[in-house]
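Input: a single structure, listed below in structure tokens.
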Amino acid sequence: TEMSAELVAETLACLALSYGYDGQLDLAIATMRKALAAVDSKNVDEREFKVALVSLSMAVLLNTAGQTDEAAERMKPALAVLKEQLPETDARCLEAKLTMAEIYQSQGEIGLAIELLEEANRTCEETKGRSSPVTLRTLNRLAECYRLQGRYDEAVSTHQESLTRCLEVFSPENRLSQILRKNLGITCQEAGRTNEAIQAFTPLAALYIGNGQWETAVDVLTRLIDMQSEQIKGIDPTPLTLNASATDIQNRTEQLNLVDACCDHLNELAYCYSTLNQWPKAIALYAQALEIQSKFYGDADSVAQSIRPLLANAYFAVRRPQDAQRILEDHIRFANVEKDSQNLHSSFLHVASASLWQGDASAALRQLDAY
């Protein structure tokens, strides 16, 4: 009762935003309505302007809650007031444009969103700098809107520009760098620009795995494998003859590089799933990698041999010792004793364990004797 209407409104608006940051959107919106009612009073100086500022915060909350129609209804008059009473370079005017653009995007009004984002981007570059986080996020959203409109060339070039600027001031490990790189990859993939998409996703997958971000790595690796599986689908596994030309050798090298990259990513995705205890998926991926590697390089290939114990361990994890034993026996059969002695010894022991698991002590003794 002792506070002015203006101070009540300001306090309620701050409280509402705090609820919003805490994820309590319903309570945040209800509190912001009280703030609007308090500020929309004859006793408040510059009432129209202050109502517009509170409406801006209200629109952000409503849009976050998926109430886009009311968000647009609140935001349109607020944006008009702020554009009229504030210079274009004012941070509040810029925030209002970005909020309205986000609402338009949520409503599917992509053309209107692009108009505001292009305008906001010019302001950001002038006032915040070409490589500021606000400018980079605005460029990213602009590129996403181009993508939604099917303007892929503009979308890709805008994403590339935002990522290039970002890497001038931030490390590749920076969260914003990761977001921009992933969006570039998604846009290139959707546009059918496979090589550019793979180039964007590959370092990102390695980064996610290195950071233990398994679920995020799964998404990126799945995209990579989908594209690379298509690339290698038509490659003939037959080795070149001794009289192959230099051009044939170069082409074959490029083809095998594609095969190697696909197998690497299959193994990495299998590892992610095994870390997440999703063993059936890990088994399918290890088996697929083993099949491809053996098809192009032979059963005794060193990479194929390195996959077999991983596949066997996955079979053990789901209590399929017979399958594990079969894979390990293949590993023993194809092993080069001199070059692969350590893995070979390990396979003998695991095969013996599989026999014991199945209750065949005699077979286990024979395998231990061989070891």
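By convention in this document, the chains of the structure tokens carry letters A, B, ... by their order, each chain's residues are numbered from 1, and ligands are numbered from 1 in the order they are shown.
Shell of A:Gly23 at 12 Å, with only C-alpha atoms counted and residues fewer than 5 places along the chain excluded, is Ala16, Leu17, Ser18, Ala28, Ile29, Leu61, Thr64 and Ala65 of chain A.
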Print the selection's residues with N, CA, C and O atoms to a file, as a compact mmCIF listing (two decimals), in the first residue's frame.
```txt
# COMPACT_ATOMS: atom_id res chain seq x y z
N ALA A 16 8.25 -11.96 -11.85
CA ALA A 16 7.74 -12.82 -12.92
C ALA A 16 8.87 -13.41 -13.75
O ALA A 16 8.87 -14.59 -14.08
N LEU A 17 9.87 -12.59 -14.09
CA LEU A 17 11.01 -13.08 -14.87
C LEU A 17 11.80 -14.12 -14.08
O LEU A 17 12.30 -15.09 -14.64
N SER A 18 11.88 -13.92 -12.77
CA SER A 18 12.58 -14.91 -11.93
C SER A 18 11.85 -16.24 -11.96
O SER A 18 12.47 -17.30 -12.06
N ALA A 28 4.84 -17.39 -13.68
CA ALA A 28 5.50 -16.21 -14.26
C ALA A 28 4.50 -15.38 -15.05
O ALA A 28 4.45 -14.14 -14.93
N ILE A 29 3.68 -16.04 -15.87
CA ILE A 29 2.71 -15.32 -16.70
C ILE A 29 1.65 -14.65 -15.83
O ILE A 29 1.27 -13.49 -16.05
N LEU A 61 7.55 -14.48 -22.27
CA LEU A 61 7.04 -15.59 -21.45
C LEU A 61 5.96 -16.37 -22.20
O LEU A 61 5.96 -17.61 -22.20
N THR A 64 7.45 -18.48 -24.95
CA THR A 64 8.15 -19.63 -24.38
C THR A 64 7.16 -20.72 -23.98
O THR A 64 7.44 -21.91 -24.11
N ALA A 65 5.97 -20.29 -23.51
CA ALA A 65 4.93 -21.23 -23.08
C ALA A 65 4.11 -21.76 -24.26
O ALA A 65 3.20 -22.57 -24.06
```
List every residue of stretch 96-214 of chain A that has an atom at most 12 Å from any atom of stretch 244-263 of chain A, and for each one report the closest atom pair and its distance in Å to one decimal, counting only C-alpha atoms, with rows sorted by chain and then by increasing residue number, as a tab-separated table.
```
residue	atom	partner	partner_atom	distance
A:Asn195	CA	A:Leu258	CA	10.7
A:Ile198	CA	A:Ala261	CA	10.1
A:Gln199	CA	A:Ala261	CA	11.5
A:Thr202	CA	A:Ala261	CA	9.5
```
All alpha helix (DSSP H) residues (DSSP, backbone) inside stretch 140-340 of chain A, as a ChimeraX atom specification: /A:140-148,152-169,175-190,194-210,214-232,246-275,279-297,302-317,321-334
- prompt: Of the residues A:Asp323, A:Glu161, A:Glu46, A:Asp264, which is the one nearest to A:Gln358, using only C-alpha atoms?
  reply: A:Asp323
- request: With a distance cut-off of 12 Å and only C-alpha atoms, select the neighbouring residues of A:Arg47, excluding the residue or stretch itself and same-chain residues fewer than 3 positions from it, and output the selection as a VMD selection string.
  value: chain A and resid 5 to 6 9 36 to 44 50 to 55 78 81
Got time to write the residues from that selection, C-alpha atoms, as a PDB file, in the first residue's frame?
```pdb
ATOM      1  CA  ALA A   5       2.053   1.786  -8.885  1.00  0.00           C
ATOM      2  CA  GLU A   6       5.207   2.120 -10.959  1.00  0.00           C
ATOM      3  CA  ALA A   9       4.824  -3.004 -11.508  1.00  0.00           C
ATOM      4  CA  LEU A  36       0.750  -5.081 -16.541  1.00  0.00           C
ATOM      5  CA  ALA A  37      -2.327  -4.170 -14.525  1.00  0.00           C
ATOM      6  CA  ALA A  38      -0.205  -2.139 -12.106  1.00  0.00           C
ATOM      7  CA  VAL A  39       1.689  -0.228 -14.792  1.00  0.00           C
ATOM      8  CA  ASP A  40      -1.442   0.487 -16.848  1.00  0.00           C
ATOM      9  CA  SER A  41      -2.543   3.162 -14.389  1.00  0.00           C
ATOM     10  CA  LYS A  42      -3.273   6.869 -14.769  1.00  0.00           C
ATOM     11  CA  ASN A  43      -0.826   7.563 -11.936  1.00  0.00           C
ATOM     12  CA  VAL A  44       2.143   6.191 -13.902  1.00  0.00           C
ATOM     13  CA  LYS A  50       6.175   1.481 -19.688  1.00  0.00           C
ATOM     14  CA  VAL A  51       3.242  -0.721 -20.683  1.00  0.00           C
ATOM     15  CA  ALA A  52       5.177  -1.517 -23.869  1.00  0.00           C
ATOM     16  CA  LEU A  53       8.258  -2.562 -21.871  1.00  0.00           C
ATOM     17  CA  VAL A  54       6.250  -4.862 -19.603  1.00  0.00           C
ATOM     18  CA  SER A  55       4.365  -6.215 -22.627  1.00  0.00           C
ATOM     19  CA  ALA A  78       4.534  -2.739 -27.894  1.00  0.00           C
ATOM     20  CA  VAL A  81       5.574   2.157 -29.368  1.00  0.00           C
TER      21      VAL A  81
END
```
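Nearest to A:Ala314 of all the residues A:Thr216, A:Ser274, A:Ser353, A:Gln189 is A:Ser274, counting only C-alpha atoms.
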- prompt: Which one of A:Leu276, A:Met58, A:Ile103, A:Val351 sits closest to A:Gly212 if you count only C-alpha atoms?
  reply: A:Leu276
field: Residue contacts of A:Cys166 (12 Å, only C-alpha atoms) excluding same-chain residues fewer than 5 positions away, as number ranges by chain
entry: A: 129-137, 139-140, 159-161, 171-181
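Counting only C-alpha atoms, the residue from A:Ser57, A:Leu86, A:Leu365, A:Tyr146 that sits nearest to A:Ala13 is A:Ser57.
Proximity of A:Val169, A:Ile307, A:Val60, A:Cys124 to A:Thr89, computed with only C-alpha atoms, is greatest for A:Cys124.
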Two-atom distance - atom CA of A:Glu119, atom CA of A:Asp153 (Å): 20.0 Å
message: If we count only C-alpha atoms and set the cut-off at 9 Å, which residues sit around A:Phe296, ignoring sequence neighbours fewer than 5 positions away in its own chain? Please answer as a PyMOL selection string.
response: chain A and resi 236-239+256+259+291
- request: Within 7 Å of A:Phe348, counting only C-alpha atoms, which residues show up once you throw out same-chain ones fewer than 5 positions away? Write them as a PyMOL selection string, please.
  value: chain A and resi 367-368+371
